[in-house]
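**Q** Supplied structure: input05.cif, mmCIF, C-alpha atoms and all ligand atoms.
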```cif
data_structure
loop_
_atom_site.label_atom_id
_atom_site.label_comp_id
_atom_site.auth_asym_id
_atom_site.auth_seq_id
_atom_site.Cartn_x
_atom_site.Cartn_y
_atom_site.Cartn_z
CA MET A 945 -45.96 -28.32 50.95
CA SER A 946 -45.55 -29.68 47.46
CA ASN A 947 -43.40 -32.75 46.81
CA ILE A 948 -41.98 -31.07 43.75
CA LYS A 949 -38.59 -29.73 44.76
CA ALA A 950 -36.90 -26.97 42.78
CA ASN A 951 -33.18 -26.89 42.09
CA LYS A 952 -31.62 -26.23 45.50
CA TYR A 953 -30.28 -22.82 44.41
CA ILE A 954 -33.75 -21.41 43.77
CA THR A 955 -35.56 -19.73 46.62
CA SER A 956 -39.26 -19.14 45.99
CA SER A 957 -40.43 -15.73 44.79
CA PRO A 958 -43.24 -13.69 46.32
CA ALA A 959 -46.67 -14.29 44.79
CA GLN A 960 -47.26 -12.38 41.58
CA PRO A 961 -49.54 -9.32 41.69
CA GLN A 962 -53.06 -9.42 40.33
CA PRO A 963 -53.25 -8.67 36.60
CA PRO A 964 -54.03 -4.95 36.13
CA ALA A 965 -57.18 -3.92 34.29
CA ASP A 966 -55.14 -1.98 31.72
CA LEU A 967 -52.11 -3.93 30.52
CA VAL A 968 -50.01 -0.98 29.43
CA LYS A 969 -50.95 1.69 31.93
CA PRO A 970 -47.95 2.76 34.04
CA LYS A 971 -48.32 2.65 37.81
CA PHE A 972 -46.87 6.13 38.33
CA LYS A 973 -47.36 9.23 36.21
CA ILE A 974 -43.60 9.74 36.17
CA ASP A 975 -41.47 6.62 36.39
CA LEU A 976 -37.74 7.24 36.72
CA SER A 977 -36.95 3.94 38.42
CA LEU A 978 -35.69 1.51 35.77
CA ASN A 979 -33.22 3.37 33.54
CA GLU A 980 -35.66 3.26 30.65
CA SER A 981 -35.82 5.86 27.92
CA PRO A 982 -38.46 8.57 28.46
CA PHE A 983 -39.04 8.69 24.68
CA ALA A 984 -41.10 6.52 22.39
CA PRO A 985 -38.83 4.51 20.08
CA SER A 986 -37.74 5.88 16.70
CA GLU A 987 -40.68 6.28 14.31
CA LYS A 988 -38.81 3.99 11.92
CA ALA A 989 -38.73 1.29 14.61
CA ILE A 990 -42.45 1.70 15.30
CA LYS A 991 -43.21 1.42 11.59
CA ALA A 992 -41.16 -1.79 11.31
CA TYR A 993 -42.88 -3.11 14.42
CA ASN A 994 -46.32 -2.46 12.92
CA GLU A 995 -45.31 -4.16 9.65
CA ALA A 996 -44.10 -7.16 11.66
CA GLY A 997 -47.55 -7.35 13.23
CA LYS A 998 -48.94 -8.55 9.89
CA VAL A 999 -46.80 -11.68 9.83
CA LEU A 1000 -47.02 -12.78 13.43
CA ASN A 1001 -48.56 -16.06 12.29
CA ARG A 1002 -45.00 -17.01 11.26
CA TYR A 1003 -42.06 -17.95 13.49
CA PRO A 1004 -39.15 -15.51 13.37
CA ASP A 1005 -35.82 -16.23 11.72
CA TYR A 1006 -34.21 -18.27 14.49
CA THR A 1007 -30.76 -16.86 13.72
CA SER A 1008 -31.86 -13.18 13.74
CA ALA A 1009 -29.83 -12.88 10.53
CA GLY A 1010 -31.27 -9.54 9.40
CA LEU A 1011 -30.63 -7.84 12.71
CA ARG A 1012 -27.15 -9.36 12.97
CA GLY A 1013 -26.37 -8.06 9.49
CA VAL A 1014 -27.41 -4.53 10.41
CA LEU A 1015 -25.37 -4.63 13.63
CA ALA A 1016 -22.32 -6.08 11.85
CA GLU A 1017 -22.42 -3.30 9.29
CA LYS A 1018 -22.98 -0.52 11.82
CA TYR A 1019 -20.16 -1.57 14.14
CA ASN A 1020 -17.91 -3.20 11.54
CA LEU A 1021 -18.12 -6.67 13.09
CA ASP A 1022 -18.19 -10.27 11.88
CA ASP A 1023 -21.91 -11.16 11.80
CA LYS A 1024 -21.16 -14.83 12.56
CA ARG A 1025 -19.90 -13.77 15.96
CA ILE A 1026 -23.03 -11.84 16.89
CA MET A 1027 -25.83 -13.55 18.80
CA CYS A 1028 -29.19 -11.88 19.46
CA THR A 1029 -31.21 -12.52 22.60
CA ALA A 1030 -34.43 -11.48 24.31
CA GLY A 1031 -32.76 -8.56 26.07
CA SER A 1032 -29.14 -8.77 27.18
CA GLU A 1033 -30.29 -10.23 30.48
CA GLN A 1034 -31.07 -13.47 28.66
CA MET A 1035 -27.43 -13.64 27.58
CA LEU A 1036 -26.16 -13.07 31.12
CA ALA A 1037 -28.12 -16.16 32.17
CA PHE A 1038 -26.80 -18.16 29.19
CA LEU A 1039 -23.21 -17.23 30.03
CA ALA A 1040 -23.63 -18.42 33.59
CA ARG A 1041 -25.26 -21.66 32.45
CA ALA A 1042 -22.60 -22.36 29.87
CA TYR A 1043 -19.44 -21.41 31.75
CA ILE A 1044 -19.80 -21.73 35.49
CA SER A 1045 -20.83 -24.40 37.94
CA GLU A 1046 -20.39 -25.62 41.49
CA GLY A 1047 -16.95 -24.92 42.94
CA ASP A 1048 -16.21 -22.02 40.58
CA GLU A 1049 -15.76 -18.43 41.70
CA VAL A 1050 -17.09 -15.50 39.71
CA ILE A 1051 -15.98 -11.92 40.25
CA TYR A 1052 -18.33 -8.97 39.81
CA PRO A 1053 -18.55 -5.40 41.14
CA LYS A 1054 -20.16 -5.00 44.55
CA TYR A 1055 -22.23 -2.18 43.06
CA GLY A 1056 -22.74 -3.96 39.74
CA PHE A 1057 -25.91 -5.11 37.97
CA MET A 1058 -27.70 -7.28 40.53
CA VAL A 1059 -28.56 -9.96 37.99
CA TYR A 1060 -24.94 -11.22 38.04
CA ARG A 1061 -25.18 -12.40 41.61
CA PHE A 1062 -28.44 -14.19 40.94
CA ASN A 1063 -27.06 -16.02 37.91
CA ILE A 1064 -23.86 -16.97 39.72
CA MET A 1065 -25.87 -18.42 42.62
CA MET A 1066 -28.21 -20.27 40.26
CA ALA A 1067 -25.22 -21.99 38.70
CA GLY A 1068 -24.10 -23.11 42.16
CA ALA A 1069 -20.92 -21.04 41.88
CA THR A 1070 -19.52 -18.63 44.46
CA PRO A 1071 -20.10 -14.90 43.95
CA VAL A 1072 -17.04 -12.76 44.72
CA ALA A 1073 -18.01 -9.09 44.94
CA VAL A 1074 -15.19 -6.55 44.62
CA ASP A 1075 -15.24 -3.09 46.10
CA HIS A 1076 -15.08 0.30 44.42
CA ASP A 1077 -13.21 3.53 45.02
CA ASP A 1078 -15.93 6.13 45.47
CA PHE A 1079 -18.29 4.11 43.23
CA LYS A 1080 -15.61 3.65 40.56
CA ILE A 1081 -14.29 0.22 39.69
CA ASN A 1082 -10.62 -0.27 40.38
CA VAL A 1083 -9.26 -2.94 38.03
CA ASP A 1084 -6.62 -3.91 40.59
CA TYR A 1085 -9.34 -5.00 43.03
CA ILE A 1086 -10.61 -7.41 40.39
CA LEU A 1087 -7.11 -8.76 39.76
CA ASP A 1088 -6.50 -9.12 43.50
CA ALA A 1089 -9.68 -11.22 43.84
CA VAL A 1090 -8.56 -13.83 41.28
CA THR A 1091 -7.90 -17.32 42.64
CA ASP A 1092 -7.34 -20.73 41.05
CA LYS A 1093 -11.10 -21.19 41.14
CA THR A 1094 -12.05 -18.00 39.25
CA ARG A 1095 -13.75 -18.82 35.95
CA LEU A 1096 -15.47 -15.62 34.91
CA VAL A 1097 -15.62 -11.87 35.53
CA PHE A 1098 -18.85 -9.94 34.99
CA LEU A 1099 -18.19 -6.21 34.59
CA ASP A 1100 -20.86 -3.69 33.73
CA ASN A 1101 -19.13 -0.82 32.02
CA PRO A 1102 -20.56 1.77 32.45
CA GLY A 1103 -21.95 0.49 35.71
CA ASN A 1104 -25.47 0.23 37.06
CA PRO A 1105 -26.30 1.67 39.60
CA THR A 1106 -23.09 3.73 39.83
CA GLY A 1107 -23.20 5.43 36.40
CA THR A 1108 -19.39 5.48 36.39
CA TYR A 1109 -17.07 3.79 33.89
CA VAL A 1110 -13.69 2.15 33.57
CA PRO A 1111 -11.45 3.76 30.91
CA TYR A 1112 -10.60 1.53 27.95
CA ASP A 1113 -6.88 1.42 28.77
CA GLU A 1114 -7.77 -0.08 32.13
CA ILE A 1115 -10.07 -2.64 30.49
CA LYS A 1116 -7.21 -3.64 28.19
CA ARG A 1117 -4.89 -3.93 31.19
CA LEU A 1118 -7.48 -6.08 32.96
CA ARG A 1119 -7.75 -8.49 30.04
CA ALA A 1120 -4.00 -8.66 29.57
CA SER A 1121 -3.47 -9.35 33.29
CA LEU A 1122 -6.24 -11.90 33.86
CA PRO A 1123 -5.26 -15.55 33.37
CA GLY A 1124 -6.35 -16.78 29.94
CA HIS A 1125 -8.86 -19.35 31.21
CA ILE A 1126 -11.00 -16.61 32.83
CA LEU A 1127 -13.81 -15.35 30.61
CA LEU A 1128 -14.23 -11.56 30.76
CA VAL A 1129 -17.83 -10.49 30.17
CA LEU A 1130 -18.14 -6.77 29.46
CA ASP A 1131 -21.76 -5.75 29.91
CA ALA A 1132 -22.09 -2.53 27.94
CA ALA A 1133 -25.82 -1.88 28.33
CA TYR A 1134 -25.21 1.89 28.58
CA ALA A 1135 -22.36 2.14 26.03
CA GLU A 1136 -24.33 4.40 23.69
CA PHE A 1137 -24.61 7.10 26.36
CA ALA A 1138 -20.90 7.19 27.24
CA VAL A 1139 -19.38 9.73 24.87
CA GLU A 1140 -16.13 10.12 26.84
CA GLY A 1141 -13.10 9.73 24.59
CA ASN A 1142 -11.43 7.16 26.83
CA TYR A 1143 -14.51 4.91 26.99
CA ASP A 1144 -14.97 1.91 24.70
CA SER A 1145 -17.38 -1.00 25.02
CA GLY A 1146 -14.59 -3.42 24.08
CA LEU A 1147 -15.91 -4.86 20.80
CA LYS A 1148 -12.40 -4.73 19.33
CA LEU A 1149 -11.07 -6.83 22.20
CA VAL A 1150 -13.34 -9.64 21.07
CA ASP A 1151 -11.48 -9.75 17.75
CA GLU A 1152 -8.17 -9.73 19.57
CA TYR A 1153 -8.80 -12.30 22.33
CA ASP A 1154 -10.61 -15.64 22.50
CA ASN A 1155 -11.88 -14.97 26.04
CA VAL A 1156 -13.78 -11.67 25.90
CA VAL A 1157 -17.53 -11.31 25.36
CA VAL A 1158 -19.38 -7.98 25.04
CA THR A 1159 -23.12 -7.75 25.70
CA ARG A 1160 -25.22 -4.86 24.39
CA THR A 1161 -28.88 -3.94 24.46
CA LEU A 1162 -31.48 -1.96 22.55
CA SER A 1163 -33.43 -1.45 25.79
CA LYS A 1164 -31.76 1.78 26.83
CA LEU A 1165 -30.75 4.40 24.26
CA TYR A 1166 -32.99 2.87 21.59
CA GLY A 1167 -36.00 2.79 23.89
CA LEU A 1168 -36.97 -0.84 23.24
CA SER A 1169 -37.07 -2.15 26.83
CA GLY A 1170 -40.57 -3.48 26.35
CA LEU A 1171 -39.65 -5.44 23.23
CA ARG A 1172 -36.71 -7.39 24.74
CA VAL A 1173 -33.83 -7.28 22.31
CA GLY A 1174 -30.14 -7.49 23.06
CA TRP A 1175 -27.03 -8.73 21.30
CA THR A 1176 -23.65 -10.16 22.09
CA TYR A 1177 -20.32 -10.15 20.28
CA GLY A 1178 -18.01 -12.99 21.15
CA PRO A 1179 -15.35 -15.36 19.81
CA ASP A 1180 -16.58 -18.07 17.36
CA GLU A 1181 -16.26 -20.94 19.79
CA ILE A 1182 -18.09 -19.14 22.57
CA ILE A 1183 -20.92 -17.95 20.33
CA ASN A 1184 -21.31 -21.46 18.90
CA THR A 1185 -21.58 -22.80 22.44
CA LEU A 1186 -24.09 -20.16 23.52
CA LEU A 1187 -26.24 -20.83 20.46
CA HIS A 1188 -26.99 -24.27 21.91
CA LEU A 1189 -28.73 -22.63 24.83
CA LYS A 1190 -31.01 -20.23 23.07
CA GLY A 1191 -33.82 -22.61 22.17
CA GLY A 1192 -35.58 -22.27 18.84
CA PHE A 1193 -36.90 -18.77 18.49
CA ASN A 1194 -35.71 -16.47 21.26
CA VAL A 1195 -36.11 -13.11 19.49
CA SER A 1196 -39.53 -12.28 18.05
CA ILE A 1197 -40.17 -11.08 14.49
CA ALA A 1198 -41.22 -7.70 15.87
CA ALA A 1199 -38.04 -7.41 17.98
CA GLN A 1200 -35.79 -8.26 15.04
CA ALA A 1201 -37.55 -5.88 12.65
CA ALA A 1202 -37.93 -2.94 15.03
CA GLY A 1203 -34.45 -3.52 16.44
CA ALA A 1204 -32.84 -3.34 13.01
CA ALA A 1205 -34.77 -0.17 12.12
CA ALA A 1206 -33.87 1.38 15.48
CA VAL A 1207 -30.11 0.95 15.19
CA LEU A 1208 -30.17 2.37 11.68
CA ASP A 1209 -31.73 5.61 12.91
CA ASP A 1210 -28.63 7.60 13.87
CA LYS A 1211 -30.53 10.87 14.12
CA TYR A 1212 -32.77 9.43 16.82
CA ALA A 1213 -29.78 8.03 18.72
CA VAL A 1214 -28.04 11.42 18.74
CA MET A 1215 -31.24 13.12 19.93
CA VAL A 1216 -31.58 10.74 22.90
CA ARG A 1217 -27.88 10.89 23.78
CA ASP A 1218 -27.78 14.70 23.70
CA HIS A 1219 -30.96 14.93 25.74
CA SER A 1220 -29.60 12.54 28.34
CA ARG A 1221 -26.28 14.32 28.67
CA LYS A 1222 -27.89 17.74 28.97
CA TRP A 1223 -30.30 16.64 31.71
CA ILE A 1224 -27.76 14.55 33.59
CA ASP A 1225 -25.73 17.75 33.98
CA TRP A 1226 -28.79 19.75 35.00
CA LEU A 1227 -30.08 17.17 37.50
CA THR A 1228 -26.60 16.82 38.98
CA SER A 1229 -26.21 20.52 39.64
CA GLU A 1230 -29.80 21.06 40.82
CA LEU A 1231 -29.65 18.19 43.30
CA ARG A 1232 -26.20 19.14 44.52
CA ALA A 1233 -27.60 22.59 45.28
CA LEU A 1234 -30.02 20.82 47.67
CA GLY A 1235 -27.08 19.35 49.57
CA ILE A 1236 -27.40 15.91 47.98
CA LYS A 1237 -24.24 14.04 46.95
CA VAL A 1238 -24.41 12.97 43.29
CA THR A 1239 -22.02 10.43 41.77
CA PRO A 1240 -20.89 11.77 38.34
CA SER A 1241 -22.63 9.67 35.67
CA VAL A 1242 -22.00 8.91 31.99
CA CYS A 1243 -25.30 7.02 31.70
CA ASN A 1244 -29.00 7.95 31.53
CA PHE A 1245 -29.36 7.86 35.32
CA ILE A 1246 -27.69 9.20 38.45
CA LEU A 1247 -26.95 7.71 41.82
CA ILE A 1248 -27.67 10.16 44.62
CA HIS A 1249 -26.77 9.99 48.31
CA PHE A 1250 -28.53 11.62 51.24
CA THR A 1251 -25.95 12.99 53.61
CA ASP A 1252 -28.59 12.86 56.38
CA GLY A 1253 -28.87 9.09 56.06
CA ARG A 1254 -31.44 6.37 55.54
CA GLU A 1255 -34.50 7.97 57.15
CA LYS A 1256 -34.19 11.07 55.00
CA MET A 1257 -33.84 8.93 51.86
CA LYS A 1258 -36.91 6.88 52.77
CA ALA A 1259 -38.97 9.97 53.54
CA CYS A 1260 -37.96 11.54 50.22
CA TYR A 1261 -38.72 8.33 48.29
CA THR A 1262 -42.18 8.18 49.87
CA TYR A 1263 -42.79 11.88 49.27
CA LEU A 1264 -41.92 11.44 45.58
CA GLN A 1265 -44.28 8.48 45.28
CA GLU A 1266 -47.06 10.45 46.95
CA ASN A 1267 -46.51 12.96 44.19
CA ASP A 1268 -46.76 10.25 41.52
CA ILE A 1269 -43.00 10.07 40.87
CA ASN A 1270 -41.21 6.75 41.18
CA VAL A 1271 -37.42 6.48 41.48
CA GLY A 1272 -35.11 3.50 42.00
CA GLN A 1273 -34.25 2.08 45.39
CA VAL A 1274 -30.82 0.54 45.82
CA GLY A 1275 -31.20 -1.05 49.24
CA MET A 1276 -30.30 -4.46 47.79
CA TYR A 1277 -26.76 -3.10 47.44
CA LYS A 1278 -26.87 -1.98 51.06
CA LEU A 1279 -26.80 1.58 49.76
CA ASP A 1280 -29.28 2.56 52.42
CA ALA A 1281 -29.13 6.31 51.99
CA SER A 1282 -29.06 6.37 48.17
CA LEU A 1283 -31.51 6.44 45.26
CA ARG A 1284 -31.09 5.92 41.53
CA ILE A 1285 -32.89 8.37 39.27
CA THR A 1286 -33.34 7.96 35.52
CA VAL A 1287 -33.32 10.97 33.21
CA GLY A 1288 -36.86 11.75 32.11
CA THR A 1289 -38.34 14.21 29.65
CA GLU A 1290 -37.67 17.89 30.33
CA GLU A 1291 -41.05 18.14 32.03
CA GLU A 1292 -40.42 15.06 34.17
CA ASN A 1293 -36.96 16.22 35.24
CA LYS A 1294 -38.33 19.60 36.23
CA ALA A 1295 -41.20 17.98 38.15
CA LEU A 1296 -38.72 15.76 39.98
CA VAL A 1297 -36.51 18.66 41.03
CA ALA A 1298 -39.49 20.83 42.02
CA THR A 1299 -40.83 17.99 44.21
CA MET A 1300 -37.41 17.42 45.77
CA LYS A 1301 -37.16 21.16 46.49
CA ASP A 1302 -40.57 20.99 48.18
CA PHE A 1303 -39.39 18.05 50.22
CA PHE A 1304 -36.29 19.90 51.39
CA GLY A 1305 -38.38 23.06 51.99
CA LYS A 1306 -36.31 25.09 49.49
C1 LIG B 1 -25.91 -3.10 33.46
C2 LIG B 1 -27.10 -3.73 32.84
N1 LIG B 1 -26.93 -4.81 32.08
C3 LIG B 1 -27.95 -5.43 31.49
C4 LIG B 1 -29.24 -4.97 31.65
C5 LIG B 1 -30.34 -5.77 31.04
O1 LIG B 1 -31.02 -5.08 30.07
P1 LIG B 1 -31.90 -5.80 29.00
O2 LIG B 1 -32.15 -7.21 29.44
O3 LIG B 1 -33.13 -5.00 28.90
O4 LIG B 1 -31.09 -5.79 27.73
C6 LIG B 1 -29.49 -3.85 32.44
C7 LIG B 1 -30.86 -3.36 32.66
O5 LIG B 1 -31.15 -2.51 33.45
C8 LIG B 1 -28.40 -3.21 33.05
O6 LIG B 1 -28.56 -2.14 33.83
#
```
Can you present the structure in this file as structure tokens?

**A**
Amino acid sequence: MSNIKANKYITSSPAQPQPPADLVKPKFKIDLSLNESPFAPSEKAIKAYNEAGKVLNRYPDYTSAGLRGVLAEKYNLDDKRIMCTAGSEQMLAFLARAYISEGDEVIYPKYGFMVYRFNIMMAGATPVAVDHDDFKINVDYILDAVTDKTRLVFLDNPGNPTGTYVPYDEIKRLRASLPGHILLVLDAAYAEFAVEGNYDSGLKLVDEYDNVVVTRTLSKLYGLSGLRVGWTYGPDEIINTLLHLKGGFNVSIAAQAAGAAAVLDDKYAVMVRDHSRKWIDWLTSELRALGIKVTPSVCNFILIHFTDGREKMKACYTYLQENDINVGQVGMYKLDASLRITVGTEEENKALVATMKDFFGK
């Protein structure tokens, strides 16, 4: 046993796997487990990335000014209130570090992005998970969970792993009803997929209130998961506070350059969004025809439920892996008879359904 003691909130992780011989080779032929895009990024983003490769001897612009400028223009925002991070996950950690500590309570959805709970625990605060109605967030459950100790609410909208969303009117009601000292963090990682008229990521609320922060990412629709680039829109004071935490150079030259090129490529974004929507509908109806319950999704993934229970789910998961298809397990949410499946290419989606049909003997 080492004498070096970690912060008491950290439990040790399992040992890391051996480095693979090929650094970029995927483990499964078809990987639908992590809500990634099945497509290569926009050609414009790849070109910018390659150009950035020539100047990697230099540190990046530590303020990500170019990328912030592009985002500000695209979404009509104040660029001073945008902060870029190495994926939006980095910002979720910064928010917890900056705004919560021992004795505080933090509300988040029971079936919300699992990173919230981890960050809340690491800050020594108390996680308060609120329930859903059939995998949909009910804003009243959040309001009912508020106590004198509540400091922050994390809300992924749309949600992962549910794929459902809270309509914008309800988000506005939530903000208006929460006490002013509670920071509302709207994690809109899947905003670009949600085309429903009553959905909004909440960027306008940031201009209206001094206690709303919206986090976004280029990992999903823009297909830049591997590059790590996210961004946050928040009130001046909050952004200025968070900037203290980011260290010198948190977003690489390549991430800034490719990220800016990616968000400027509207044609690519529409292609990915349309593809996702089409195949979400197809997967939903094909899997329902097999007797599987599918939660309606506005994202690039679906949450499915085996009516026959845990053993059936496990057998199906294993069968898929034996056939070189990996999907997402959600046991950490105690969803023991469910799986989360990301939309793949047409070929991948068809292979998934064919393998599931085989499994069910249909
Ligand atoms: C709801 C939600 N928020 C945030 C993230 C973090 O994404 P990234 O760090 O790649 O921006 C994810 C990733 O799966 C997510 O599902």

**Q** Nearest residue to Ser1241 in chain A out of A:Leu1171, A:Ile948, A:Ala1138, A:Leu1127, using only C-alpha atoms?

**A**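 Checking each candidate against Ser1241 in chain A, we get A:Ala1138 as the closest.
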
**Q** So that I can check the surroundings of range 1234-1236 of chain A, please list as a count of residues only every protein, DNA and RNA residue that reaches within 7 Å of it, counting all atoms listed in the file and ignoring chain neighbours fewer than 3 positions away.

**A** 6

**Q** Range 1142-1155 of chain A: which residues within 10 Å, counting only C-alpha atoms, same-chain residues fewer than 4 positions away excluded, as an mmCIF file with C-alpha atoms, keeping the file's coordinate frame?

**A**
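So part-v4.cif came out as:
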```
data_model
loop_
_atom_site.group_PDB
_atom_site.id
_atom_site.type_symbol
_atom_site.label_atom_id
_atom_site.label_comp_id
_atom_site.auth_asym_id
_atom_site.auth_seq_id
_atom_site.Cartn_x
_atom_site.Cartn_y
_atom_site.Cartn_z
ATOM 1 C CA TYR A 1019 -20.160 -1.570 14.140
ATOM 2 C CA ASN A 1020 -17.910 -3.200 11.540
ATOM 3 C CA LEU A 1021 -18.120 -6.670 13.090
ATOM 4 C CA ASP A 1022 -18.190 -10.270 11.880
ATOM 5 C CA ARG A 1025 -19.900 -13.770 15.960
ATOM 6 C CA LEU A 1096 -15.470 -15.620 34.910
ATOM 7 C CA ASP A 1100 -20.860 -3.690 33.730
ATOM 8 C CA ASN A 1101 -19.130 -0.820 32.020
ATOM 9 C CA PRO A 1102 -20.560 1.770 32.450
ATOM 10 C CA TYR A 1109 -17.070 3.790 33.890
ATOM 11 C CA VAL A 1110 -13.690 2.150 33.570
ATOM 12 C CA PRO A 1111 -11.450 3.760 30.910
ATOM 13 C CA TYR A 1112 -10.600 1.530 27.950
ATOM 14 C CA ASP A 1113 -6.880 1.420 28.770
ATOM 15 C CA GLU A 1114 -7.770 -0.080 32.130
ATOM 16 C CA ILE A 1115 -10.070 -2.640 30.490
ATOM 17 C CA LYS A 1116 -7.210 -3.640 28.190
ATOM 18 C CA ARG A 1119 -7.750 -8.490 30.040
ATOM 19 C CA ALA A 1120 -4.000 -8.660 29.570
ATOM 20 C CA PRO A 1123 -5.260 -15.550 33.370
ATOM 21 C CA GLY A 1124 -6.350 -16.780 29.940
ATOM 22 C CA HIS A 1125 -8.860 -19.350 31.210
ATOM 23 C CA ILE A 1126 -11.000 -16.610 32.830
ATOM 24 C CA LEU A 1127 -13.810 -15.350 30.610
ATOM 25 C CA LEU A 1128 -14.230 -11.560 30.760
ATOM 26 C CA VAL A 1129 -17.830 -10.490 30.170
ATOM 27 C CA LEU A 1130 -18.140 -6.770 29.460
ATOM 28 C CA ASP A 1131 -21.760 -5.750 29.910
ATOM 29 C CA ALA A 1132 -22.090 -2.530 27.940
ATOM 30 C CA ALA A 1133 -25.820 -1.880 28.330
ATOM 31 C CA TYR A 1134 -25.210 1.890 28.580
ATOM 32 C CA ALA A 1135 -22.360 2.140 26.030
ATOM 33 C CA GLU A 1136 -24.330 4.400 23.690
ATOM 34 C CA ALA A 1138 -20.900 7.190 27.240
ATOM 35 C CA THR A 1159 -23.120 -7.750 25.700
ATOM 36 C CA ARG A 1160 -25.220 -4.860 24.390
ATOM 37 C CA THR A 1176 -23.650 -10.160 22.090
ATOM 38 C CA TYR A 1177 -20.320 -10.150 20.280
ATOM 39 C CA GLY A 1178 -18.010 -12.990 21.150
ATOM 40 C CA PRO A 1179 -15.350 -15.360 19.810
ATOM 41 C CA ASP A 1180 -16.580 -18.070 17.360
ATOM 42 C CA GLU A 1181 -16.260 -20.940 19.790
ATOM 43 C CA ILE A 1182 -18.090 -19.140 22.570
ATOM 44 C CA VAL A 1242 -22.000 8.910 31.990
#
```

**Q** Within 9 Å of ligand LIG 1 (chain B), counting only C-alpha atoms and all ligand atoms, which protein or nucleic acid residues do you find, written as a count of residues only?

**A** 41

**Q** Under the rule that all atoms listed in the file are counted, which of A:Thr1239, A:Leu1087, A:Met1257, A:Ala1205 is the nearest residue to Glu995 in chain A?

**A** A:Ala1205

**Q** What is the distance between CA of Asn1244 in chain A and CA of Gln960 in chain A, in Å to one decimal?

**A**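 Pair CA of Asn1244 in chain A / CA of Gln960 in chain A returns 29.1 Å.
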
**Q** From the set A:Met1065, A:Leu1186, A:Ala996, A:Leu1118, which residue has the shortest atom-to-atom contact distance to Gln1200 in chain A, counting only C-alpha atoms?

**A**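 With only C-alpha atoms as the atom set, the closest residue is A:Ala996.
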
**Q** Calculated over all atoms listed in the file, which of the candidates A:Ala1037, A:Ala1204, A:Cys1243, A:Phe1193 has the smallest distance to Glu1017 in chain A?

**A**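 So, comparing all the options, the nearest one is A:Ala1204.
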
**Q** I'd like the interatomic distance between CA of Ile1064 in chain A and CA of Pro958 in chain A, to a tenth of an Å.

**A**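 A separation of 20.7 Å between them.
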
**Q** So which one's closest to Gly1192 in chain A, A:Pro964, A:Pro982, A:Pro1053, A:Pro1004? Using all atoms listed in the file, please.

**A** A:Pro1004

**Q** Taking all atoms listed in the file into account, which of A:Pro963, A:Pro1240, A:Gly1203, A:Pro970 comes nearest Ile1269 in chain A?

**A**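 Using all atoms listed in the file, Ile1269 in chain A sits closest to A:Pro970.
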
**Q** Which polymer residues have any atom within 8 Å of an atom of Ala1073 in chain A, counting all atoms listed in the file, with same-chain residues fewer than 6 positions away left out, as an NGL selection string?

**A** :A and (1051-1054)

**Q** Identify, on the basis of all atoms listed in the file, every residue whose closest approach to Arg1217 in chain A does not exceed 9 Å; exclude the query and any residue fewer than 4 positions from it along the same chain; express the result as a list in words.

**A**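 Those residues are Glu1136, Phe1137, Ala1138, Val1139, Leu1165, Tyr1212, Ala1213, Arg1221, Lys1222 and Asn1244 of chain A.
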
**Q** Applying 9 Å and all atoms listed in the file, which residues near Asp1075 in chain A remain after dropping the ones on its own chain fewer than 2 positions away? List them as JSON, numbers by chain.

**A** {"A": [1053, 1054, 1055, 1073, 1077, 1079, 1080, 1081, 1082, 1085, 1086]}

**Q** Rounded to one decimal in Å, what is the spacing between CA of Lys952 in chain A and CA of Asn1063 in chain A?

**A**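 Result for CA of Lys952 in chain A versus CA of Asn1063 in chain A: 13.5 Å, one decimal.
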
**Q** Edge lengths and centre in Å to one decimal, as JSON, is what I'm after for the box along x, y and z that holds all listed atoms of range 1209-1221 of chain A once 4 Å is added on each side.

**A**
```
{"center_x": -29.5, "center_y": 10.3, "center_z": 20.8, "size_x": 14.5, "size_y": 17.3, "size_z": 23.8}
```
